[in-house]
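Asks: Input final-v5.csv, format and content: CSV, C-alpha atoms.
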```
chain,number,residue,atom,x,y,z
A,1,ASN,CA,10.4,-28.6,2.3
A,2,ALA,CA,8.2,-25.5,2.6
A,3,GLY,CA,9.1,-22.9,5.2
A,4,VAL,CA,6.6,-20.7,7.1
A,5,MET,CA,4.0,-19.4,4.7
A,6,GLN,CA,2.1,-16.2,5.2
A,7,ASN,CA,-0.6,-14.7,3.0
A,8,PRO,CA,-1.3,-12.3,1.7
A,9,ARG,CA,2.1,-10.8,1.3
A,10,HIS,CA,0.6,-7.3,0.9
A,11,LEU,CA,-2.8,-6.2,2.2
A,12,VAL,CA,-4.5,-2.9,1.7
A,13,ARG,CA,-7.5,-2.0,3.8
A,14,ARG,CA,-9.5,1.2,4.3
A,15,ARG,CA,-10.0,2.5,7.8
A,16,GLY,CA,-12.8,0.6,9.6
A,17,GLN,CA,-12.4,-2.6,7.5
A,18,GLU,CA,-11.2,-6.0,8.9
A,19,ALA,CA,-7.8,-7.5,8.1
A,20,ARG,CA,-7.2,-11.2,8.2
A,21,LEU,CA,-3.6,-12.4,8.1
A,22,ARG,CA,-2.8,-16.1,7.7
A,23,CYS,CA,0.2,-18.1,8.7
A,24,SER,CA,0.9,-21.8,8.0
A,25,PRO,CA,3.8,-23.0,10.1
A,26,MET,CA,6.5,-25.3,8.9
A,27,LYS,CA,5.6,-29.0,8.6
A,28,GLY,CA,5.8,-30.6,12.0
A,29,HIS,CA,5.7,-27.3,13.9
A,30,SER,CA,2.8,-26.9,16.4
A,31,HIS,CA,3.8,-23.5,17.9
A,32,VAL,CA,3.1,-20.1,16.3
A,33,TYR,CA,4.2,-16.6,17.2
A,34,TRP,CA,3.1,-13.3,15.8
A,35,TYR,CA,5.2,-10.2,15.8
A,36,ARG,CA,4.5,-6.7,14.5
A,37,GLN,CA,7.1,-4.4,13.0
A,38,LEU,CA,6.1,-0.7,12.8
A,39,PRO,CA,8.0,1.4,10.3
A,40,GLU,CA,11.6,2.0,11.2
A,41,GLU,CA,11.3,-0.2,14.3
A,42,GLY,CA,12.3,-3.6,15.5
A,43,LEU,CA,9.8,-6.5,15.8
A,44,LYS,CA,7.5,-6.6,18.8
A,45,PHE,CA,5.9,-9.8,20.2
A,46,MET,CA,2.2,-10.0,20.0
A,47,VAL,CA,1.0,-13.5,20.7
A,48,TYR,CA,2.1,-17.1,21.1
A,49,LEU,CA,-0.2,-20.0,20.2
A,50,GLN,CA,-0.3,-23.7,20.2
A,51,LYS,CA,-3.0,-25.7,18.4
A,52,GLU,CA,-6.3,-24.6,19.8
A,53,ASN,CA,-4.7,-22.8,22.6
A,54,ILE,CA,-3.4,-19.2,23.3
A,55,ILE,CA,-0.3,-19.5,25.5
A,56,ASP,CA,0.8,-15.9,25.8
A,57,GLU,CA,-1.1,-12.9,24.5
A,58,SER,CA,0.7,-10.3,26.6
A,59,GLY,CA,1.7,-8.3,23.5
A,60,MET,CA,-1.7,-8.1,21.9
A,61,PRO,CA,-3.5,-4.8,22.0
A,62,LYS,CA,-6.6,-5.1,24.2
A,63,GLU,CA,-9.1,-4.2,21.6
A,64,ARG,CA,-9.7,-5.1,17.9
A,65,PHE,CA,-7.0,-7.7,17.7
A,66,SER,CA,-7.5,-11.5,18.0
A,67,ALA,CA,-5.6,-14.6,17.1
A,68,GLU,CA,-6.4,-18.2,16.7
A,69,PHE,CA,-4.6,-21.4,15.7
A,70,PRO,CA,-7.3,-24.1,15.0
A,71,LYS,CA,-6.8,-27.8,15.0
A,72,GLU,CA,-6.9,-27.8,11.2
A,73,GLY,CA,-5.7,-24.9,9.0
A,74,PRO,CA,-3.5,-21.9,9.4
A,75,SER,CA,-3.2,-19.5,12.3
A,76,ILE,CA,-5.2,-16.3,11.8
A,77,LEU,CA,-4.4,-12.9,13.1
A,78,ARG,CA,-7.5,-10.8,12.8
A,79,ILE,CA,-7.7,-7.0,13.1
A,80,GLN,CA,-11.1,-5.5,13.3
A,81,GLN,CA,-11.9,-1.9,12.4
A,82,VAL,CA,-8.4,-1.1,11.2
A,83,VAL,CA,-6.9,2.3,11.8
A,84,ARG,CA,-3.9,4.0,10.1
A,85,GLY,CA,-1.7,3.1,13.1
A,86,ASP,CA,-2.2,-0.6,12.3
A,87,SER,CA,-0.1,-0.2,9.1
A,88,ALA,CA,2.9,-2.4,9.7
A,89,ALA,CA,4.6,-5.6,8.7
A,90,TYR,CA,3.2,-8.6,10.6
A,91,PHE,CA,5.5,-11.6,10.9
A,92,CYS,CA,4.6,-15.1,11.9
A,93,ALA,CA,7.2,-17.6,13.2
A,94,SER,CA,6.9,-21.2,14.1
A,95,SER,CA,8.8,-23.8,16.2
A,96,PRO,CA,8.4,-27.5,16.9
A,97,GLY,CA,7.5,-26.9,20.5
A,98,LEU,CA,10.2,-29.1,21.9
A,99,LEU,CA,11.4,-28.4,25.3
A,100,ASN,CA,14.3,-26.0,25.3
A,101,TYR,CA,14.2,-25.7,21.5
A,102,GLU,CA,15.4,-22.2,20.8
A,103,TRP,CA,14.8,-21.5,17.2
A,104,GLN,CA,11.9,-19.7,15.6
A,105,TYR,CA,11.6,-19.8,11.8
A,106,PHE,CA,10.1,-16.7,10.4
A,107,GLY,CA,7.7,-16.3,7.4
A,108,PRO,CA,8.1,-13.5,4.8
A,109,GLY,CA,5.6,-11.2,6.6
A,110,THR,CA,2.4,-9.5,5.6
A,111,ARG,CA,2.6,-5.8,4.9
A,112,LEU,CA,-0.6,-4.2,5.9
A,113,THR,CA,-1.4,-0.7,4.6
A,114,VAL,CA,-4.4,1.1,6.0
A,115,THR,CA,-5.6,4.0,3.8
B,1,ALA,CA,14.8,-0.5,30.8
B,2,GLN,CA,15.5,-1.7,27.3
B,3,LYS,CA,16.0,-5.4,27.2
B,4,ILE,CA,18.1,-5.2,23.9
B,5,THR,CA,20.1,-2.2,23.0
B,6,GLN,CA,21.6,-1.6,19.6
B,7,THR,CA,23.4,1.7,19.7
B,8,GLN,CA,24.3,2.0,16.1
B,9,PRO,CA,21.4,3.1,13.9
B,10,GLY,CA,23.6,3.0,10.8
B,11,MET,CA,27.0,1.5,10.0
B,12,PHE,CA,29.1,1.7,6.8
B,13,VAL,CA,31.9,-0.7,5.8
B,14,GLN,CA,34.0,-1.1,2.7
B,15,GLU,CA,33.6,-4.3,0.8
B,16,LYS,CA,35.9,-7.1,2.0
B,17,GLU,CA,36.5,-5.5,5.4
B,18,ALA,CA,35.2,-6.8,8.7
B,19,VAL,CA,32.5,-5.0,10.7
B,20,THR,CA,31.2,-5.3,14.2
B,21,LEU,CA,27.5,-4.6,15.1
B,22,ASP,CA,26.9,-3.9,18.7
B,23,CYS,CA,24.3,-5.5,21.0
B,24,THR,CA,23.9,-5.2,24.7
B,25,TYR,CA,21.2,-6.9,26.7
B,26,ASP,CA,19.6,-6.8,30.1
B,27,THR,CA,18.3,-9.8,31.9
B,28,SER,CA,18.3,-11.4,35.3
B,29,ASP,CA,17.3,-14.8,33.9
B,30,PRO,CA,20.2,-17.3,34.3
B,31,SER,CA,19.1,-19.1,31.1
B,32,TYR,CA,18.7,-17.1,27.9
B,33,GLY,CA,19.5,-17.2,24.2
B,34,LEU,CA,20.8,-14.5,21.9
B,35,PHE,CA,20.0,-14.3,18.2
B,36,TRP,CA,21.0,-12.2,15.2
B,37,TYR,CA,18.7,-11.8,12.2
B,38,LYS,CA,19.2,-10.1,8.9
B,39,GLN,CA,16.4,-8.2,7.2
B,40,PRO,CA,17.2,-7.2,3.6
B,41,SER,CA,15.2,-4.6,1.7
B,42,SER,CA,12.9,-7.4,0.6
B,43,GLY,CA,11.7,-7.6,4.2
B,44,GLU,CA,12.1,-11.2,5.2
B,45,MET,CA,13.8,-12.2,8.5
B,46,ILE,CA,16.8,-14.4,8.0
B,47,PHE,CA,18.3,-16.2,11.0
B,48,LEU,CA,22.1,-15.7,11.2
B,49,ILE,CA,23.5,-17.0,14.4
B,50,TYR,CA,22.6,-18.1,17.9
B,51,GLN,CA,24.4,-18.0,21.3
B,52,GLY,CA,23.2,-19.8,24.4
B,53,SER,CA,23.9,-18.3,27.8
B,54,TYR,CA,25.7,-21.4,29.0
B,55,ASP,CA,27.7,-21.9,25.8
B,56,GLN,CA,31.4,-21.8,26.6
B,57,GLN,CA,32.6,-20.8,23.2
B,58,ASN,CA,31.6,-18.0,20.9
B,59,ALA,CA,29.2,-19.1,18.1
B,60,THR,CA,30.4,-19.0,14.5
B,61,GLU,CA,28.5,-19.5,11.3
B,62,GLY,CA,30.6,-19.0,8.2
B,63,ARG,CA,31.5,-15.3,7.9
B,64,TYR,CA,29.4,-14.5,11.0
B,65,SER,CA,30.7,-14.8,14.5
B,66,LEU,CA,29.3,-13.7,17.8
B,67,ASN,CA,31.5,-11.9,20.3
B,68,PHE,CA,29.8,-13.0,23.5
B,69,GLN,CA,31.0,-11.2,26.7
B,70,LYS,CA,28.7,-12.5,29.4
B,71,ALA,CA,30.0,-10.3,32.2
B,72,ARG,CA,29.5,-7.2,30.1
B,73,LYS,CA,26.1,-8.5,28.7
B,74,SER,CA,27.2,-7.9,25.2
B,75,ALA,CA,26.7,-10.1,22.1
B,76,ASN,CA,28.2,-8.3,19.2
B,77,LEU,CA,28.0,-9.6,15.7
B,78,VAL,CA,31.1,-9.7,13.6
B,79,ILE,CA,30.9,-10.0,9.9
B,80,SER,CA,34.2,-10.8,8.2
B,81,ALA,CA,35.0,-10.1,4.5
B,82,SER,CA,31.9,-8.0,3.9
B,83,GLN,CA,30.0,-8.4,0.7
B,84,LEU,CA,27.6,-6.0,-1.1
B,85,GLY,CA,24.8,-8.5,-0.3
B,86,ASP,CA,25.4,-7.9,3.4
B,87,SER,CA,23.8,-4.5,3.1
B,88,ALA,CA,20.6,-4.9,5.2
B,89,MET,CA,19.1,-4.2,8.6
B,90,TYR,CA,20.4,-6.4,11.4
B,91,PHE,CA,18.5,-7.2,14.5
B,92,CYS,CA,19.7,-8.6,17.8
B,93,ALA,CA,17.1,-10.6,19.8
B,94,MET,CA,16.9,-12.4,23.1
B,95,ARG,CA,14.8,-15.2,24.5
B,96,GLU,CA,14.7,-15.5,28.3
B,97,ALA,CA,13.7,-19.0,29.3
B,98,GLU,CA,12.1,-18.2,32.6
B,99,THR,CA,11.0,-14.6,32.3
B,100,SER,CA,9.5,-14.4,28.9
B,101,GLY,CA,9.1,-18.0,27.9
B,102,SER,CA,9.4,-18.6,24.2
B,103,ARG,CA,8.9,-15.1,22.8
B,104,LEU,CA,11.8,-13.1,21.4
B,105,THR,CA,12.6,-9.5,22.3
B,106,PHE,CA,14.2,-7.5,19.5
B,107,GLY,CA,16.5,-4.5,19.4
B,108,GLU,CA,15.8,-1.5,17.2
B,109,GLY,CA,18.2,-2.7,14.6
B,110,THR,CA,21.4,-1.5,12.8
B,111,GLN,CA,21.3,-0.5,9.1
B,112,LEU,CA,24.5,-1.8,7.5
B,113,THR,CA,25.7,-0.4,4.2
B,114,VAL,CA,28.5,-2.1,2.4
B,115,ASN,CA,30.3,0.2,0.0
B,116,PRO,CA,32.1,-1.1,-3.1
```
For this file, produce the structure as structure tokens.
Replies:
Amino acid sequence: NAGVMQNPRHLVRRRGQEARLRCSPMKGHSHVYWYRQLPEEGLKFMVYLQKENIIDESGMPKERFSAEFPKEGPSILRIQQVVRGDSAAYFCASSPGLLNYEWQYFGPGTRLTVT
Amino acid sequence: AQKITQTQPGMFVQEKEAVTLDCTYDTSDPSYGLFWYKQPSSGEMIFLIYQGSYDQQNATEGRYSLNFQKARKSANLVISASQLGDSAMYFCAMREAETSGSRLTFGEGTQLTVNP
């Protein structure tokens, strides 16, 4: 009965490198959400995906950030050419996608540090 | 305007006492849900309690209860009989069914410290 899985749990990248964060939703869940938590702040919505489809990316920075949720495999949040300001905890959440279903189940997060 | 406001950056409580963490929200959506999450120092987000905008009664989950005052747009979390393990960051969040779809909007959090 695995929950939402995220890996890696900790990721260190140098400025200019790429960061790839993975999220495997709970079994039976087809909807994935990504949130970012900057130090000393609350979580901020980034993107909402269904399988092979981006539903809402209104919280995604316009450049360097992209997300996908392929038919097979985990959801990927990709950050190109990372900068120090990208250092944060990135949380993935999933839900079954049922109409009016409220809950989102969160993964443990990936802590990205850009040096 | 802030959608979720948590006015208490830090709160202290003695073990075994009750504590109330404040949360006010701002929405014009008639259908919304309010959530509380706990984030211990280890960093994971733990769901605590949920209140729907149409729910007639205040939500309760064990030692957690939600004091929902719809007219005042407040959804305060009450933790009874505090334990040392309750020391953590607490976040209030809202889902607006029509305005923001499925995404959650979080407050800035309240750091709770339970003293022995």
Asks: Give as number ranges by chain every residue of chain B that touches chain A within 6 Å, counting all atoms listed in the file.
Replies: B: 44, 106-108
Asks: Using all atoms listed in the file, which of B:Ser102, B:Asn67, B:Thr113, B:Gln6 sits nearest Ala88 of chain B?
Replies: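 Between B:Ser102, B:Asn67, B:Thr113, B:Gln6, the residue approaching Ala88 of chain B most closely is B:Thr113.
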Asks: Please provide as a list of chain:residue names all residues within 12 Å of Gly62 of chain B, with the sequence filter that same-chain residues fewer than 3 positions apart are discarded (counting all atoms listed in the file).
Replies: B:Leu48, B:Ile49, B:Ala59, B:Ser65, B:Leu66, B:Val78, B:Ile79, B:Ser80, B:Ala81, B:Ser82
Asks: Report, in Å to a single decimal, how far apart atom CA of Ser100 of chain B and atom CA of Pro25 of chain A are.
Replies: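 These two atoms are separated by 21.4 Å.
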Asks: Provide the atom CA of Arg9 of chain A to atom CA of Gln80 of chain A distance in Å, to one decimal place.
Replies: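 Those two atoms sit 18.6 Å apart.
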Asks: Can you work out the spacing between atom CA of Gln81 of chain A and atom CA of Ala19 of chain A in Å, to one decimal?
Replies: 8.2 Å
Asks: If we draw a sphere of 10 Å around (-12.6, -4.9, 9.8), which residues have at least one atom in it when counting all atoms listed in the file? Please report them as a list in words.
Replies: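 I get Arg13, Arg14, Arg15, Gly16, Gln17, Glu18, Ala19, Arg20, Arg64, Arg78, Ile79, Gln80, Gln81, Val82 and Val83 of chain A for the residues within 10 Å of that point.
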Asks: Env of Pro74 of chain A: 9 Å cut, atoms = all atoms listed in the file, seq-sep filter 4 positions within chain, self excluded. Answer as a list of chain:residue names.
Replies: A:Arg22, A:Cys23, A:Ser24, A:Pro25, A:Glu68, A:Phe69, A:Pro70
Asks: Which residue out of B:Gln111, B:Arg103, B:Asn76, B:Arg63 has the minimum interatomic distance to Glu17 of chain B when all atoms listed in the file are used?
Replies: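 Residue with the minimum atom-to-atom distance to Glu17 of chain B: B:Arg63.
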Asks: Report as a VMD selection string all protein, DNA and RNA residues lying within 12 Å of Leu77 of chain B, evaluated on all atoms listed in the file, omitting residues in the same chain fewer than 3 positions from it.
Replies: chain B and resid 6 18 to 24 34 to 38 48 to 51 58 to 61 63 to 69 74 80 90 to 93 110 112
Asks: At a cut-off of 10 Å, using only C-alpha atoms, what residues contact Lys70 of chain B? Leave out same-chain residues fewer than 5 positions from it and give the result as an MDAnalysis selection string.
Replies: chainID B and resid 24:25 53:54 75
Asks: Using C-alpha atoms, can you write the selected residues to a file as a short mmCIF file (atom, residue, chain, number, x, y, z; two decimals), in the frame of the given file?
Replies:
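This is the output file out_36.cif:
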```cif
data_model
loop_
_atom_site.label_atom_id
_atom_site.label_comp_id
_atom_site.auth_asym_id
_atom_site.auth_seq_id
_atom_site.Cartn_x
_atom_site.Cartn_y
_atom_site.Cartn_z
CA THR B 24 23.90 -5.20 24.70
CA TYR B 25 21.20 -6.90 26.70
CA SER B 53 23.90 -18.30 27.80
CA TYR B 54 25.70 -21.40 29.00
CA ALA B 75 26.70 -10.10 22.10
#
```
Asks: Hey, could you patch up segment 70-94 of chain A with N, CA, C and O atoms and hand it over as a PDB file, keeping the file's coordinate frame?
Replies:
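Generated file (selection-v7.pdb):
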```pdb
ATOM      1  N   PRO A  70      -6.381 -22.930  14.888  1.00  0.00           N
ATOM      2  CA  PRO A  70      -7.300 -24.100  15.000  1.00  0.00           C
ATOM      3  C   PRO A  70      -6.604 -25.393  14.819  1.00  0.00           C
ATOM      4  O   PRO A  70      -5.467 -25.465  14.326  1.00  0.00           O
ATOM      5  N   LYS A  71      -7.330 -26.430  15.157  1.00  0.00           N
ATOM      6  CA  LYS A  71      -6.800 -27.800  15.000  1.00  0.00           C
ATOM      7  C   LYS A  71      -6.398 -28.068  13.570  1.00  0.00           C
ATOM      8  O   LYS A  71      -5.386 -28.723  13.296  1.00  0.00           O
ATOM      9  N   GLU A  72      -7.226 -27.600  12.656  1.00  0.00           N
ATOM     10  CA  GLU A  72      -6.900 -27.800  11.200  1.00  0.00           C
ATOM     11  C   GLU A  72      -6.808 -26.373  10.606  1.00  0.00           C
ATOM     12  O   GLU A  72      -7.591 -25.487  10.911  1.00  0.00           O
ATOM     13  N   GLY A  73      -5.850 -26.206   9.743  1.00  0.00           N
ATOM     14  CA  GLY A  73      -5.700 -24.900   9.000  1.00  0.00           C
ATOM     15  C   GLY A  73      -4.724 -24.004   9.625  1.00  0.00           C
ATOM     16  O   GLY A  73      -4.087 -24.291  10.651  1.00  0.00           O
ATOM     17  N   PRO A  74      -4.568 -22.836   8.978  1.00  0.00           N
ATOM     18  CA  PRO A  74      -3.500 -21.900   9.400  1.00  0.00           C
ATOM     19  C   PRO A  74      -3.897 -21.127  10.662  1.00  0.00           C
ATOM     20  O   PRO A  74      -5.064 -21.111  11.086  1.00  0.00           O
ATOM     21  N   SER A  75      -2.912 -20.475  11.210  1.00  0.00           N
ATOM     22  CA  SER A  75      -3.200 -19.500  12.300  1.00  0.00           C
ATOM     23  C   SER A  75      -3.664 -18.218  11.633  1.00  0.00           C
ATOM     24  O   SER A  75      -3.217 -17.836  10.547  1.00  0.00           O
ATOM     25  N   ILE A  76      -4.587 -17.563  12.287  1.00  0.00           N
ATOM     26  CA  ILE A  76      -5.200 -16.300  11.800  1.00  0.00           C
ATOM     27  C   ILE A  76      -4.953 -15.210  12.784  1.00  0.00           C
ATOM     28  O   ILE A  76      -5.260 -15.374  13.974  1.00  0.00           O
ATOM     29  N   LEU A  77      -4.449 -14.094  12.302  1.00  0.00           N
ATOM     30  CA  LEU A  77      -4.400 -12.900  13.100  1.00  0.00           C
ATOM     31  C   LEU A  77      -5.469 -11.951  12.497  1.00  0.00           C
ATOM     32  O   LEU A  77      -5.432 -11.635  11.303  1.00  0.00           O
ATOM     33  N   ARG A  78      -6.394 -11.539  13.321  1.00  0.00           N
ATOM     34  CA  ARG A  78      -7.500 -10.800  12.800  1.00  0.00           C
ATOM     35  C   ARG A  78      -7.496  -9.376  13.484  1.00  0.00           C
ATOM     36  O   ARG A  78      -7.347  -9.254  14.708  1.00  0.00           O
ATOM     37  N   ILE A  79      -7.627  -8.365  12.656  1.00  0.00           N
ATOM     38  CA  ILE A  79      -7.700  -7.000  13.100  1.00  0.00           C
ATOM     39  C   ILE A  79      -8.995  -6.386  12.687  1.00  0.00           C
ATOM     40  O   ILE A  79      -9.245  -6.249  11.482  1.00  0.00           O
ATOM     41  N   GLN A  80      -9.819  -6.043  13.638  1.00  0.00           N
ATOM     42  CA  GLN A  80     -11.100  -5.500  13.300  1.00  0.00           C
ATOM     43  C   GLN A  80     -11.012  -3.927  13.271  1.00  0.00           C
ATOM     44  O   GLN A  80     -10.207  -3.341  14.015  1.00  0.00           O
ATOM     45  N   GLN A  81     -11.808  -3.313  12.445  1.00  0.00           N
ATOM     46  CA  GLN A  81     -11.900  -1.900  12.400  1.00  0.00           C
ATOM     47  C   GLN A  81     -10.527  -1.214  12.335  1.00  0.00           C
ATOM     48  O   GLN A  81     -10.162  -0.425  13.215  1.00  0.00           O
ATOM     49  N   VAL A  82      -9.769  -1.553  11.316  1.00  0.00           N
ATOM     50  CA  VAL A  82      -8.400  -1.100  11.200  1.00  0.00           C
ATOM     51  C   VAL A  82      -8.289   0.420  11.227  1.00  0.00           C
ATOM     52  O   VAL A  82      -9.185   1.117  10.726  1.00  0.00           O
ATOM     53  N   VAL A  83      -7.181   0.901  11.809  1.00  0.00           N
ATOM     54  CA  VAL A  83      -6.900   2.300  11.800  1.00  0.00           C
ATOM     55  C   VAL A  83      -5.484   2.491  11.175  1.00  0.00           C
ATOM     56  O   VAL A  83      -4.754   1.510  10.986  1.00  0.00           O
ATOM     57  N   ARG A  84      -5.126   3.734  10.841  1.00  0.00           N
ATOM     58  CA  ARG A  84      -3.900   4.000  10.100  1.00  0.00           C
ATOM     59  C   ARG A  84      -2.672   3.465  10.946  1.00  0.00           C
ATOM     60  O   ARG A  84      -1.687   2.998  10.397  1.00  0.00           O
ATOM     61  N   GLY A  85      -2.772   3.546  12.269  1.00  0.00           N
ATOM     62  CA  GLY A  85      -1.700   3.100  13.100  1.00  0.00           C
ATOM     63  C   GLY A  85      -1.430   1.588  13.076  1.00  0.00           C
ATOM     64  O   GLY A  85      -0.419   1.118  13.601  1.00  0.00           O
ATOM     65  N   ASP A  86      -2.357   0.851  12.457  1.00  0.00           N
ATOM     66  CA  ASP A  86      -2.200  -0.600  12.300  1.00  0.00           C
ATOM     67  C   ASP A  86      -1.269  -0.930  11.122  1.00  0.00           C
ATOM     68  O   ASP A  86      -0.872  -2.089  10.958  1.00  0.00           O
ATOM     69  N   SER A  87      -0.966   0.063  10.289  1.00  0.00           N
ATOM     70  CA  SER A  87      -0.100  -0.200   9.100  1.00  0.00           C
ATOM     71  C   SER A  87       1.275  -0.619   9.634  1.00  0.00           C
ATOM     72  O   SER A  87       1.937   0.082  10.403  1.00  0.00           O
ATOM     73  N   ALA A  88       1.685  -1.798   9.222  1.00  0.00           N
ATOM     74  CA  ALA A  88       2.900  -2.400   9.700  1.00  0.00           C
ATOM     75  C   ALA A  88       3.168  -3.674   8.936  1.00  0.00           C
ATOM     76  O   ALA A  88       2.328  -4.118   8.154  1.00  0.00           O
ATOM     77  N   ALA A  89       4.338  -4.266   9.216  1.00  0.00           N
ATOM     78  CA  ALA A  89       4.600  -5.600   8.700  1.00  0.00           C
ATOM     79  C   ALA A  89       4.313  -6.583   9.868  1.00  0.00           C
ATOM     80  O   ALA A  89       4.742  -6.367  11.002  1.00  0.00           O
ATOM     81  N   TYR A  90       3.571  -7.622   9.567  1.00  0.00           N
ATOM     82  CA  TYR A  90       3.200  -8.600  10.600  1.00  0.00           C
ATOM     83  C   TYR A  90       3.908  -9.928  10.214  1.00  0.00           C
ATOM     84  O   TYR A  90       3.696 -10.474   9.131  1.00  0.00           O
ATOM     85  N   PHE A  91       4.737 -10.389  11.142  1.00  0.00           N
ATOM     86  CA  PHE A  91       5.500 -11.600  10.900  1.00  0.00           C
ATOM     87  C   PHE A  91       4.969 -12.738  11.774  1.00  0.00           C
ATOM     88  O   PHE A  91       4.646 -12.558  12.943  1.00  0.00           O
ATOM     89  N   CYS A  92       4.958 -13.893  11.170  1.00  0.00           N
ATOM     90  CA  CYS A  92       4.600 -15.100  11.900  1.00  0.00           C
ATOM     91  C   CYS A  92       5.906 -15.948  11.969  1.00  0.00           C
ATOM     92  O   CYS A  92       6.727 -15.938  11.036  1.00  0.00           O
ATOM     93  N   ALA A  93       6.088 -16.630  13.081  1.00  0.00           N
ATOM     94  CA  ALA A  93       7.200 -17.600  13.200  1.00  0.00           C
ATOM     95  C   ALA A  93       6.670 -18.852  13.806  1.00  0.00           C
ATOM     96  O   ALA A  93       5.632 -18.856  14.485  1.00  0.00           O
ATOM     97  N   SER A  94       7.372 -19.941  13.552  1.00  0.00           N
ATOM     98  CA  SER A  94       6.900 -21.200  14.100  1.00  0.00           C
ATOM     99  C   SER A  94       8.105 -21.986  14.695  1.00  0.00           C
ATOM    100  O   SER A  94       9.271 -21.732  14.360  1.00  0.00           O
TER     101      SER A  94
END
```
